[in-house]
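Following: one structure in structure tokens, then a few remarks.
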Amino acid sequence: MKRQTLAALIALLLLTFPVNLMAERADYCVIPLPKSLTTDDTKTFFLHSGQGISYDAGNPEIARNAQFLRTWVREITGVSLTLTPDDKHAAIRLNTGLAADKNVKGRKAKNKKEKRKAPAALTAQQQEAYVITVDGSGIEINARMPIGLFRAAQTLRKSLPVTQEADSVELPYTRISDEPRFAYRGAMLDCARHYFSVETIKNYIDILALHGCNQFHWHLTEDQGWRFEVQALPELAKKGSVREQTVIGHNTGVYDGQRYGGYYSQAECRELVNYAAARYINIIPEIDLPGHMMGALHVFPNLGCTGGPYPVCTRWGVMNEVLCAGNPETITFLKTVLGELCDVFPSKYIHIGGDECPKTRWKQCPKCQAKAKALGLKDDGKHSVENQLQSWINHEMESFLQARGRNIIGWDEVLEGGLTDDGIVMSWRGVKGGIEAARQHHRVIMSPTTFCYIDYYQLRDRGLQPDAIGGYLPLSQVYSFEPLAADVLSEEEQKYILGPQVNLWTEYIAYPQHLFYMLLPRLDAISEVQWCYPGQKDFEGFKSRLPQMLKIYDLMGFSYCRKYE
């Protein structure tokens, strides 16, 4: 009888406190590192299956974030939570009650004549702010807006032990207060040199969201393939997306003999726009112009200076064949393409490329020279006639896009003919172009090859890694990047730098496994550059936090570089 009573008592205890016996412990030292973190390791809260996540049932956006969190907790720990809307006693509580201005909130006027000042508009960073508190009552997440709840849920997700089989999770008491440093936190993927499936791009977006990125720059057109469907020009993607074969290696002159193609329908693009938006990521599409256009010239040879023929390129590099600046049909074509691009992508930023556009054909083309003369363009010693001609095209595209409420982004070559008034410079040939643009009070995205080109090798020993375009960009160098160039820019000029971005070009990357190998863990490094202030950063501390992220990659099935320098 005593044994039966004891067994019953133990069973009752297990039912009541199942979490405390086989609990895995959380660790809040995540990537990117939160702005403020205070932990009391002597006290813990236990999260176990059957507990609830509370949220505002009347807000579909918050409900979606609660569902994300529920899914992530189950995937990482095995703990299965329930969704319990508007439950003040739930184990996890999502709230949008974070005060925007603690100095103003609750302050009373000194006299009846005093008028309270209207609160200042929230910055983009403040909109993403959140506070996580873990104490005896559970886990409370407060944010000003739903996007902050999403960022907090990602932090909590990365804090959890990667076990998949936990009976419970032990969470030390903590208070995390966080918001990002930069408003723009981007990553680019080139799907023009090599086409990647919609599912792979969704995985890419998921990885960006995990790291707090909010901009996905999608490179869609190239000499080697046109990947965006233009419904008014149906042959453009159907024919312009296909090359007859692809060079093997680094322009060896040996080809694989295999036709290669693929493009994204507008329906697929909209699907990806919605998928990214649910994860608070904006997709910035890029149609590179007026160079890198062999995919288009193949279908419309009349748009070139020589009339063609123009085969879709089968090798890598910069081609002399570009859109004819003197042909009025060129502007009509570009407006048709960009018009449909705006219909599909709601992004306020549209990338028009502008890089690596040789002027060889323009110098020899009667139409181009006649157009330059009609525009009154002259070599002023700083900007050549042909560079000014490209700026004229940029102005035309900018005016067209501004009428649709959009701003253009261009690679730093757009400075060479004189920058358009509202154009944003993406500085890739070092930081010099970005510094020059910021001094002119133009907005800048810093993306220099020396810190942000993750198509470069990440290990010195090339034999230990897949093929890459060249160069050497180890994890430590990415982590060391400081985008503000504070040593040469004034505080006022630094305000024009929106943030940093990494770029993944795919001449030598044809498969998803290779893609994610190049991305990870260098995306971890840039995420701390994008999110954290310089005083927070410490490479040795960063490396100590990296193994947790690698466990998550293993769980998600992503390849990554297992050595780092």
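A note on labels: chains of the structure tokens are A, B, ... as shown, every chain counts residues from 1, and ligands are counted from 1 in their shown order.
Selecting strand (DSSP E or B) from the backbone DSSP output for stretch 231-442 of chain A yields Arg243, Val247, Tyr255, Tyr260, Tyr264, Asn282, Ile283, Ile284, Pro285, Glu286, Ile287, Asp288, Leu289, Gly304, Leu323, Tyr349, Ile350, His351, Ile352, Gly353, Asn407, Ile408, Ile409, Gly410, Trp411, Ile424, Val425, Met426 and Ser427 of chain A.
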Please produce an output containing C-alpha atoms for each residue in the selection, written as a short mmCIF file (atom, residue, chain, number, x, y, z; two decimals), in the first residue's frame.
```cif
data_model
loop_
_atom_site.label_atom_id
_atom_site.label_comp_id
_atom_site.auth_asym_id
_atom_site.auth_seq_id
_atom_site.Cartn_x
_atom_site.Cartn_y
_atom_site.Cartn_z
CA ARG A 243 21.59 30.35 -72.68
CA VAL A 247 31.42 27.94 -69.49
CA TYR A 255 31.65 24.58 -72.13
CA TYR A 260 20.29 26.49 -69.11
CA TYR A 264 10.06 33.88 -62.37
CA ASN A 282 11.15 44.12 -48.24
CA ILE A 283 12.17 42.76 -51.65
CA ILE A 284 14.11 45.28 -53.74
CA PRO A 285 14.11 44.10 -57.37
CA GLU A 286 16.98 44.99 -59.66
CA ILE A 287 16.80 45.42 -63.42
CA ASP A 288 20.39 46.25 -64.32
CA LEU A 289 20.56 48.97 -66.98
CA GLY A 304 21.52 47.56 -79.35
CA LEU A 323 21.35 49.27 -74.67
CA TYR A 349 13.23 51.24 -53.63
CA ILE A 350 13.85 50.01 -57.19
CA HIS A 351 17.43 49.10 -58.11
CA ILE A 352 18.46 50.11 -61.64
CA GLY A 353 22.02 48.80 -61.50
CA ASN A 407 13.25 55.90 -55.41
CA ILE A 408 16.09 54.49 -57.45
CA ILE A 409 19.17 52.73 -56.12
CA GLY A 410 22.25 52.47 -58.30
CA TRP A 411 25.73 51.02 -57.97
CA ILE A 424 20.59 56.25 -53.55
CA VAL A 425 24.16 55.04 -54.04
CA MET A 426 25.11 51.45 -53.31
CA SER A 427 28.85 51.75 -52.79
#
```
- With a distance cut-off of 7 Å and only C-alpha atoms, select the neighbouring residues of A:Asn142, excluding the residue or stretch itself and same-chain residues fewer than 3 positions from it, and output the selection as a PyMOL selection string. chain A and resi 94-98+130-132+149
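For the atom pair formed by atom CA of A:Tyr517 and atom CA of A:Val312, the distance is 28.2 Å, given to one decimal.
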query = Which polymer residues have any atom within 10 Å of an atom of A:His395, counting only C-alpha atoms, with same-chain residues fewer than 2 positions away left out, as a PyMOL selection string?
reply = chain A and resi 389-393+397-401+408+419-423
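With only C-alpha atoms as the atoms that count, the residue of A:Leu475, A:Ile176, A:Val344, A:Val322 with the shortest distance to A:Phe451 is A:Leu475.
Residue nearest A:Glu222 within the list A:Ile454, A:Met294, A:Ile552, A:Leu415: A:Met294 [criterion: smallest interatomic distance, only C-alpha atoms].
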Exercise for review: Write out as a ChimeraX atom specification each polymer residue whose atoms come within 10 Å of A:Ile248, counting only C-alpha atoms; drop sequence neighbours fewer than 5 positions from it.
Suggested key: /A:253-257,314-315,508
Can I get the selection written as a PDB file, in the first residue's frame, with N, CA and C atoms?
```pdb
ATOM      1  N   GLY A 253      37.115  28.517 -71.627  1.00  0.00           N
ATOM      2  CA  GLY A 253      36.926  28.223 -73.043  1.00  0.00           C
ATOM      3  C   GLY A 253      36.314  26.857 -73.275  1.00  0.00           C
ATOM      4  N   VAL A 254      36.100  26.117 -72.206  1.00  0.00           N
ATOM      5  CA  VAL A 254      35.447  24.809 -72.270  1.00  0.00           C
ATOM      6  C   VAL A 254      34.032  24.959 -71.742  1.00  0.00           C
ATOM      7  N   TYR A 255      33.054  24.391 -72.474  1.00  0.00           N
ATOM      8  CA  TYR A 255      31.647  24.578 -72.132  1.00  0.00           C
ATOM      9  C   TYR A 255      30.973  23.242 -71.858  1.00  0.00           C
ATOM     10  N   ASP A 256      29.866  23.323 -71.071  1.00  0.00           N
ATOM     11  CA  ASP A 256      29.209  22.074 -70.675  1.00  0.00           C
ATOM     12  C   ASP A 256      28.229  21.531 -71.708  1.00  0.00           C
ATOM     13  N   GLY A 257      27.888  22.331 -72.731  1.00  0.00           N
ATOM     14  CA  GLY A 257      27.002  21.852 -73.786  1.00  0.00           C
ATOM     15  C   GLY A 257      25.551  21.688 -73.376  1.00  0.00           C
ATOM     16  N   THR A 314      27.246  33.004 -72.589  1.00  0.00           N
ATOM     17  CA  THR A 314      27.570  31.682 -72.047  1.00  0.00           C
ATOM     18  C   THR A 314      28.824  31.714 -71.178  1.00  0.00           C
ATOM     19  N   ARG A 315      29.442  32.885 -71.063  1.00  0.00           N
ATOM     20  CA  ARG A 315      30.632  33.035 -70.220  1.00  0.00           C
ATOM     21  C   ARG A 315      30.413  34.221 -69.284  1.00  0.00           C
ATOM     22  N   TYR A 508      29.686  31.338 -59.992  1.00  0.00           N
ATOM     23  CA  TYR A 508      30.253  30.022 -59.679  1.00  0.00           C
ATOM     24  C   TYR A 508      29.436  29.277 -58.627  1.00  0.00           C
TER      25      TYR A 508
END
```
Students should find that atom CA of A:Gly249 and atom CA of A:Ile509 are spaced 10.8 Å
Give me the residues near A:Phe539 as a count of residues only, where near means some atom within 8 Å (using only C-alpha atoms) and where sequence neighbours in that chain fewer than 4 positions away do not count. 3
*Distance query A:Glu436 at most 12 Å, only C-alpha atoms, self and fewer than 6 positions along chain excluded, as a VMD selection string*: chain A and resid 412 to 416 418 to 419 425 to 427 430 442 to 444 446 485 488 to 489 493 to 494 496 to 497
Include C-alpha atoms and write out the residues we just selected as a PDB file, in the first residue's frame.
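See again.pdb below for the written result:
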```pdb
ATOM      1  CA  ASP A 412      28.355  53.695 -57.344  1.00  0.00           C
ATOM      2  CA  GLU A 413      29.092  54.108 -61.066  1.00  0.00           C
ATOM      3  CA  VAL A 414      25.981  56.302 -61.173  1.00  0.00           C
ATOM      4  CA  LEU A 415      28.172  59.018 -59.649  1.00  0.00           C
ATOM      5  CA  GLU A 416      30.372  59.153 -62.748  1.00  0.00           C
ATOM      6  CA  GLY A 418      26.561  63.248 -62.020  1.00  0.00           C
ATOM      7  CA  LEU A 419      24.169  61.735 -59.495  1.00  0.00           C
ATOM      8  CA  VAL A 425      24.160  55.041 -54.037  1.00  0.00           C
ATOM      9  CA  MET A 426      25.111  51.454 -53.307  1.00  0.00           C
ATOM     10  CA  SER A 427      28.852  51.749 -52.787  1.00  0.00           C
ATOM     11  CA  GLY A 430      35.222  50.245 -51.725  1.00  0.00           C
ATOM     12  CA  HIS A 442      22.763  61.630 -50.959  1.00  0.00           C
ATOM     13  CA  ARG A 443      21.617  58.476 -49.218  1.00  0.00           C
ATOM     14  CA  VAL A 444      24.081  55.587 -49.196  1.00  0.00           C
ATOM     15  CA  MET A 446      27.571  50.573 -47.891  1.00  0.00           C
ATOM     16  CA  ALA A 485      33.326  55.919 -42.049  1.00  0.00           C
ATOM     17  CA  VAL A 488      36.282  60.983 -42.558  1.00  0.00           C
ATOM     18  CA  LEU A 489      32.567  61.859 -42.379  1.00  0.00           C
ATOM     19  CA  GLU A 493      27.150  63.309 -43.198  1.00  0.00           C
ATOM     20  CA  GLN A 494      26.972  59.945 -41.430  1.00  0.00           C
ATOM     21  CA  TYR A 496      22.989  59.712 -44.951  1.00  0.00           C
ATOM     22  CA  ILE A 497      24.329  56.174 -44.600  1.00  0.00           C
TER      23      ILE A 497
END
```
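Closest approach to A:Pro483 among A:Ser447, A:Asn503, A:Gln164, A:Thr252 is made by A:Ser447 (distances from only C-alpha atoms).
Minimum distance to A:Asn320 across A:Arg279, A:Lys359, A:Arg74, A:Lys348 (counting only C-alpha atoms) occurs at A:Lys359.
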Report task. Select from stretch 453-560 of chain A everything DSSP, run on the backbone, classes as alpha helix (DSSP H), then give the selection as a ChimeraX atom specification. Result -> /A:475-479,491-494,512-519,522-531,539-556
Within 12 Å of A:Asn387 using only C-alpha atoms, minus same-chain residues under 6 positions, as a ChimeraX atom specification: /A:290,325,354-360,362-363,368,372,377-381,393-394,413-419
Go ahead and write the selection's residues with N, CA and C atoms as a PDB file, in the first residue's frame.
```
ATOM      1  N   PRO A 290      22.069  50.559 -68.083  1.00  0.00           N
ATOM      2  CA  PRO A 290      21.816  50.082 -69.441  1.00  0.00           C
ATOM      3  C   PRO A 290      22.769  48.972 -69.889  1.00  0.00           C
ATOM      4  N   ALA A 325      21.708  54.190 -76.204  1.00  0.00           N
ATOM      5  CA  ALA A 325      21.175  55.379 -75.529  1.00  0.00           C
ATOM      6  C   ALA A 325      20.489  56.331 -76.506  1.00  0.00           C
ATOM      7  N   GLY A 354      23.271  50.078 -63.109  1.00  0.00           N
ATOM      8  CA  GLY A 354      24.124  51.184 -63.547  1.00  0.00           C
ATOM      9  C   GLY A 354      25.602  50.877 -63.518  1.00  0.00           C
ATOM     10  N   ASP A 355      25.971  49.663 -63.098  1.00  0.00           N
ATOM     11  CA  ASP A 355      27.390  49.325 -62.977  1.00  0.00           C
ATOM     12  C   ASP A 355      27.925  48.748 -64.283  1.00  0.00           C
ATOM     13  N   GLU A 356      29.224  48.805 -64.419  1.00  0.00           N
ATOM     14  CA  GLU A 356      29.950  48.095 -65.474  1.00  0.00           C
ATOM     15  C   GLU A 356      29.269  48.230 -66.839  1.00  0.00           C
ATOM     16  N   CYS A 357      29.043  49.478 -67.247  1.00  0.00           N
ATOM     17  CA  CYS A 357      28.443  49.743 -68.554  1.00  0.00           C
ATOM     18  C   CYS A 357      29.496  50.356 -69.470  1.00  0.00           C
ATOM     19  N   PRO A 358      30.189  49.531 -70.257  1.00  0.00           N
ATOM     20  CA  PRO A 358      31.205  50.077 -71.164  1.00  0.00           C
ATOM     21  C   PRO A 358      30.574  51.049 -72.160  1.00  0.00           C
ATOM     22  N   LYS A 359      31.306  52.084 -72.512  1.00  0.00           N
ATOM     23  CA  LYS A 359      30.787  53.102 -73.435  1.00  0.00           C
ATOM     24  C   LYS A 359      31.374  52.957 -74.834  1.00  0.00           C
ATOM     25  N   THR A 360      32.025  51.816 -75.090  1.00  0.00           N
ATOM     26  CA  THR A 360      32.681  51.601 -76.390  1.00  0.00           C
ATOM     27  C   THR A 360      31.712  51.767 -77.541  1.00  0.00           C
ATOM     28  N   TRP A 362      28.760  53.264 -77.551  1.00  0.00           N
ATOM     29  CA  TRP A 362      28.161  54.602 -77.573  1.00  0.00           C
ATOM     30  C   TRP A 362      29.076  55.607 -78.268  1.00  0.00           C
ATOM     31  N   LYS A 363      30.386  55.463 -78.054  1.00  0.00           N
ATOM     32  CA  LYS A 363      31.330  56.389 -78.680  1.00  0.00           C
ATOM     33  C   LYS A 363      31.313  56.263 -80.206  1.00  0.00           C
ATOM     34  N   CYS A 368      23.700  57.452 -80.641  1.00  0.00           N
ATOM     35  CA  CYS A 368      24.100  57.887 -79.301  1.00  0.00           C
ATOM     36  C   CYS A 368      24.765  59.255 -79.335  1.00  0.00           C
ATOM     37  N   ALA A 372      23.470  62.740 -77.600  1.00  0.00           N
ATOM     38  CA  ALA A 372      24.302  63.544 -76.708  1.00  0.00           C
ATOM     39  C   ALA A 372      24.356  64.993 -77.188  1.00  0.00           C
ATOM     40  N   LEU A 377      25.272  67.806 -74.311  1.00  0.00           N
ATOM     41  CA  LEU A 377      26.263  67.234 -73.406  1.00  0.00           C
ATOM     42  C   LEU A 377      27.675  67.509 -73.926  1.00  0.00           C
ATOM     43  N   LYS A 378      28.540  67.945 -73.009  1.00  0.00           N
ATOM     44  CA  LYS A 378      29.928  68.200 -73.349  1.00  0.00           C
ATOM     45  C   LYS A 378      30.830  67.680 -72.239  1.00  0.00           C
ATOM     46  N   ASP A 379      32.011  67.262 -72.622  1.00  0.00           N
ATOM     47  CA  ASP A 379      32.985  66.798 -71.639  1.00  0.00           C
ATOM     48  C   ASP A 379      33.419  67.988 -70.791  1.00  0.00           C
ATOM     49  N   ASP A 380      33.103  67.933 -69.493  1.00  0.00           N
ATOM     50  CA  ASP A 380      33.420  69.064 -68.612  1.00  0.00           C
ATOM     51  C   ASP A 380      34.706  68.853 -67.824  1.00  0.00           C
ATOM     52  N   GLY A 381      35.451  67.826 -68.204  1.00  0.00           N
ATOM     53  CA  GLY A 381      36.705  67.536 -67.507  1.00  0.00           C
ATOM     54  C   GLY A 381      36.519  66.625 -66.323  1.00  0.00           C
ATOM     55  N   ILE A 393      19.861  58.747 -68.912  1.00  0.00           N
ATOM     56  CA  ILE A 393      18.991  57.579 -68.818  1.00  0.00           C
ATOM     57  C   ILE A 393      18.528  57.390 -67.379  1.00  0.00           C
ATOM     58  N   ASN A 394      19.464  57.528 -66.440  1.00  0.00           N
ATOM     59  CA  ASN A 394      19.108  57.391 -65.027  1.00  0.00           C
ATOM     60  C   ASN A 394      18.026  58.392 -64.628  1.00  0.00           C
ATOM     61  N   GLU A 413      28.784  53.527 -59.758  1.00  0.00           N
ATOM     62  CA  GLU A 413      29.092  54.108 -61.066  1.00  0.00           C
ATOM     63  C   GLU A 413      28.131  55.231 -61.452  1.00  0.00           C
ATOM     64  N   VAL A 414      26.941  55.251 -60.831  1.00  0.00           N
ATOM     65  CA  VAL A 414      25.981  56.302 -61.173  1.00  0.00           C
ATOM     66  C   VAL A 414      26.499  57.683 -60.795  1.00  0.00           C
ATOM     67  N   LEU A 415      27.556  57.737 -59.993  1.00  0.00           N
ATOM     68  CA  LEU A 415      28.172  59.018 -59.649  1.00  0.00           C
ATOM     69  C   LEU A 415      28.981  59.591 -60.809  1.00  0.00           C
ATOM     70  N   GLU A 416      29.382  58.753 -61.758  1.00  0.00           N
ATOM     71  CA  GLU A 416      30.372  59.153 -62.748  1.00  0.00           C
ATOM     72  C   GLU A 416      29.856  60.186 -63.738  1.00  0.00           C
ATOM     73  N   GLY A 417      28.530  60.201 -63.954  1.00  0.00           N
ATOM     74  CA  GLY A 417      27.980  61.202 -64.866  1.00  0.00           C
ATOM     75  C   GLY A 417      27.219  62.287 -64.135  1.00  0.00           C
ATOM     76  N   GLY A 418      27.329  62.299 -62.817  1.00  0.00           N
ATOM     77  CA  GLY A 418      26.561  63.248 -62.020  1.00  0.00           C
ATOM     78  C   GLY A 418      25.339  62.560 -61.458  1.00  0.00           C
ATOM     79  N   LEU A 419      25.225  62.509 -60.149  1.00  0.00           N
ATOM     80  CA  LEU A 419      24.169  61.735 -59.495  1.00  0.00           C
ATOM     81  C   LEU A 419      22.830  62.455 -59.563  1.00  0.00           C
TER      82      LEU A 419
END
```
